[in-house]
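Report on one structure; see the data block that follows.
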Amino acid sequence: MADRLRLRLLQWAGDLDPAVNRDRLPEAVGDPHGADLVVLPEAFARDFGEAGSDVSAHAEAPDGPFGSALQDAAGRAGTTAVAGMFESSPDPDRPFNTLLVRGGVRASYRKIHLYDSFGYRESDRISGGALDPVVVDVAGWRVGLMTCYDLRFPELARRLVDDGAELLVVPAAWLPGPRKVGHWQMLLAARAVENTVYVAGVGQPGPRYCGHSRVVDPLGDVVADAGEGPAVLEAGLDRARLQEARSVNPSLANRRL
C-alpha cells in the first residue's frame with residue numbers, strides 16, 4: 001500500500017457549452033506535480049443552468065464525448081480523474097447525475113440522494129441511482145464516492161467506510177444561501193471525524209455556487225482550503241495520519257449496533 005496519496009482538487013465552473021468543458025480537461029488533469037487523483041466538481045461536463053432547467057439534452061453515455069475526453073486526458077497524464085456529468089438513463093427526460101472515474105481506474109457513481117431541499121427539486125429533472133456505494137482503488141488507497149447532497153446523509157459515508165474507504169471525495173455544485181457555507185464545512189468535518197477518514201469536498205465556485213472546497217483529515221484538521229472563487233488545491237494524504245486517528249479515536253471499533 002502507498003503511504004501517501006497526492007490529491008488535486010479543481011474548484012472550476014462547468015460551462016453551459018459541453019465543448020468548452022471537454023477542452024479544459026487536459027489542463028485540469030495534466031497535473032505538473034504528478035497527482036495520483038484529480039477531482040473536478042459535480043456537473044462539470046455541463047452545468048445545471050438555471051434552477052429547474054431541463055438537462056436531458058446534455059445527457060451522454062459514460063463513454064460518450066465527455067467520458068472519452070476524460071479518459072484521454074487522465075491516461076496521458078498517468079493519473080486517475082473524477083468529474084461529474086449527466087448520464088443517459090432509462091427515463092429520457094431524467095438522466096442520472098453521475099461521477100465518472102477514468103484513467104488509472106474506470107468506474108462510475110450515480111448520485112443517490114437528489115437535492116429536494118431548500119426550495120429546489122432535483123428529482124424533477126434527475127433520476128436517482130441504485131442504492132449501492134462505490135469504492136475504488138487509487139494508487140493503493142480506497143476511495144469512496146459521494147455527490148453534493150449525499151454529504152448530508154451519514155449512512156452513506158459509513159457504508160463507504162465499511163467497504164474500506166480511507167478517503168471520501170465529494171464533488172459538488174453546492175448552492176449558496178443563508179448558512180450554506182457553514183453547513184458544507186461542518187458536514188465535511190463531521191463525515192471525516194465520525195468515520196476517521198480523509199474527506200475532500202470540491203465545489204463549483206461562486207457566485208453561482210458556494211466554492212469553499214477543502215480537504216479535512218481524519219481528526220478534523222483542515223489540510224487545504226479554498227475561498228469562493230476559482231481555485232486549485234493540492235494536498236498530500238498520509239496513511240500514518242489515518243492510522244493515528246483510528247488509534248486515538250477508535251470509534252469504528254467501538255461501535256455497538
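Chains: A, B, ... in order of the C-alpha cells. Residues: from 1 per chain. Ligands: from 1, in order shown.
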Go through region 154-240 of chain A and flag each residue having an atom no more than 10 Å from region 9-28 of chain A; for those, report the closest pair of atoms plus their distance in Å to one decimal, using only C-alpha atoms, ordered by chain and rising number, as a tab-separated table.
```
residue	atom	partner	partner_atom	distance
A:Val169	CA	A:Leu9	CA	9.7
A:Pro171	CA	A:Leu9	CA	9.2
A:Ala172	CA	A:Gln11	CA	9.6
A:Ala173	CA	A:Ala13	CA	9.0
A:Ala200	CA	A:Leu9	CA	8.1
A:Gly201	CA	A:Leu9	CA	8.3
A:Val202	CA	A:Gln11	CA	6.0
A:Gly203	CA	A:Gln11	CA	5.7
A:Gln204	CA	A:Ala13	CA	5.1
A:Pro205	CA	A:Gln11	CA	5.9
A:Gly206	CA	A:Ala13	CA	8.5
A:Arg208	CA	A:Ala13	CA	9.0
A:Tyr209	CA	A:Ala13	CA	8.8
A:Gly211	CA	A:Gln11	CA	6.7
A:His212	CA	A:Gln11	CA	8.3
A:Ser213	CA	A:Gln11	CA	6.7
A:Arg214	CA	A:Leu9	CA	8.4
A:Val215	CA	A:Leu9	CA	9.0
A:Ala224	CA	A:Leu9	CA	9.6
A:Ala226	CA	A:Gln11	CA	8.2
A:Gly227	CA	A:Gln11	CA	9.5
A:Glu228	CA	A:Gln11	CA	8.9
A:Gly229	CA	A:Gln11	CA	7.7
A:Pro230	CA	A:Gln11	CA	5.3
A:Ala231	CA	A:Gln11	CA	5.0
A:Val232	CA	A:Leu10	CA	4.7
A:Leu233	CA	A:Leu9	CA	5.0
A:Glu234	CA	A:Leu9	CA	6.5
A:Ala235	CA	A:Leu9	CA	8.5
```
Assign secondary structure with DSSP using the backbone only, and return the residues of region 51-104 of chain A in strand (DSSP E) as number ranges by chain. A: 80-87, 96-103
Please produce a file of those selected residues containing C-alpha atoms, as a PDB file, in the first residue's frame.
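Contents of part.pdb, freshly written:
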```pdb
ATOM      1  CA  THR A  80      -6.984   8.957 -12.139  1.00  0.00           C
ATOM      2  CA  ALA A  81      -9.622  11.668 -12.579  1.00  0.00           C
ATOM      3  CA  VAL A  82     -13.148  12.125 -11.202  1.00  0.00           C
ATOM      4  CA  ALA A  83     -15.659  14.512 -12.761  1.00  0.00           C
ATOM      5  CA  GLY A  84     -19.428  14.990 -12.793  1.00  0.00           C
ATOM      6  CA  MET A  85     -21.695  14.605 -15.821  1.00  0.00           C
ATOM      7  CA  PHE A  86     -25.299  13.889 -16.808  1.00  0.00           C
ATOM      8  CA  GLU A  87     -25.634  10.267 -17.927  1.00  0.00           C
ATOM      9  CA  PHE A  96     -28.527  10.297 -13.911  1.00  0.00           C
ATOM     10  CA  ASN A  97     -26.241  12.742 -12.103  1.00  0.00           C
ATOM     11  CA  THR A  98     -23.063  10.704 -12.436  1.00  0.00           C
ATOM     12  CA  LEU A  99     -19.454  10.844 -11.304  1.00  0.00           C
ATOM     13  CA  LEU A 100     -17.106   9.309 -13.842  1.00  0.00           C
ATOM     14  CA  VAL A 101     -13.780   7.840 -12.725  1.00  0.00           C
ATOM     15  CA  ARG A 102     -11.312   7.482 -15.585  1.00  0.00           C
ATOM     16  CA  GLY A 103      -7.601   6.947 -16.192  1.00  0.00           C
TER      17      GLY A 103
END
```
When you look at Gly30 (chain A) with a cut-off of 10 Å (counting only C-alpha atoms), what residues show up, excluding the ones that are within fewer than 4 positions of it in the same chain? I need them as a ChimeraX atom specification. /A:25-26,34-35,38,73-79
Give me the residues near region 241-255 of chain A as an NGL selection string, where near means some atom within 8 Å (using only C-alpha atoms) and where sequence neighbours in that chain fewer than 6 positions away do not count. :A and (166 or 194-198 or 217-219)
Between CA of Ala165 (chain A) and CA of Cys210 (chain A), what distance in Å does the model show, to one decimal? 26.2 Å
One residue among A:Leu7, A:Arg142, A:Arg239, A:Ala59 is nearest to Asp47 (chain A) when using only C-alpha atoms, and that residue is A:Ala59
Rounded to one decimal place, report the CA of Leu187 (chain A)-CA of Phe153 (chain A) distance in Å. 9.4 Å
Give me the residues near region 4-6 of chain A as a PDB file with C-alpha atoms, in the first residue's frame, where near means some atom within 6 Å (using only C-alpha atoms) and where sequence neighbours in that chain fewer than 3 positions away do not count.
```pdb
ATOM      1  CA  ALA A  35      -1.174  13.962  -8.676  1.00  0.00           C
ATOM      2  CA  ASP A  36      -2.445  10.418  -8.126  1.00  0.00           C
ATOM      3  CA  GLY A 236      -0.740  15.056   0.306  1.00  0.00           C
ATOM      4  CA  LEU A 237      -2.660  12.478   2.326  1.00  0.00           C
ATOM      5  CA  ASP A 238      -0.684  10.402   4.812  1.00  0.00           C
TER       6      ASP A 238
END
```
Which one of A:Gly52, A:Gly104, A:Gly177, A:Gly64 sits closest to Tyr120 (chain A) if you count only C-alpha atoms? A:Gly52
Write down as a PyMOL selection string the residues belonging to region 7-61 of chain A that are assigned helix (DSSP H, G or I) by DSSP computed on the backbone. chain A and resi 18-29+56-58
Written file, previous selection with C-alpha atoms, as a tab-separated table (two decimals), in the first residue's frame:
```tsv
chain	number	residue	atom	x	y	z
A	18	PRO	CA	-20.03	20.99	-23.10
A	19	ALA	CA	-17.28	21.50	-25.69
A	20	VAL	CA	-15.71	24.21	-23.54
A	21	ASN	CA	-15.52	21.83	-20.58
A	22	ARG	CA	-14.06	18.99	-22.64
A	23	ASP	CA	-11.39	21.32	-24.00
A	24	ARG	CA	-10.32	22.23	-20.46
A	25	LEU	CA	-9.71	18.64	-19.34
A	26	PRO	CA	-6.07	18.36	-20.48
A	27	GLU	CA	-5.21	21.47	-18.46
A	28	ALA	CA	-7.24	20.25	-15.48
A	29	VAL	CA	-5.93	16.70	-15.39
A	56	SER	CA	-31.77	15.84	-20.61
A	57	ALA	CA	-30.47	17.13	-23.95
A	58	HIS	CA	-26.97	17.13	-22.47
```
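Going from CA of Asp93 (chain A) over to CA of Asp54 (chain A), you cover 7.8 Å.
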I'd like the neighbourhood of Met186 (chain A) as a PyMOL selection string, where a residue qualifies if any of its atoms comes within 12 Å (using only C-alpha atoms), though same-chain residues fewer than 5 positions away should be ignored. chain A and resi 151-152+179-181+191-194+199+201+212+214+216+220-222
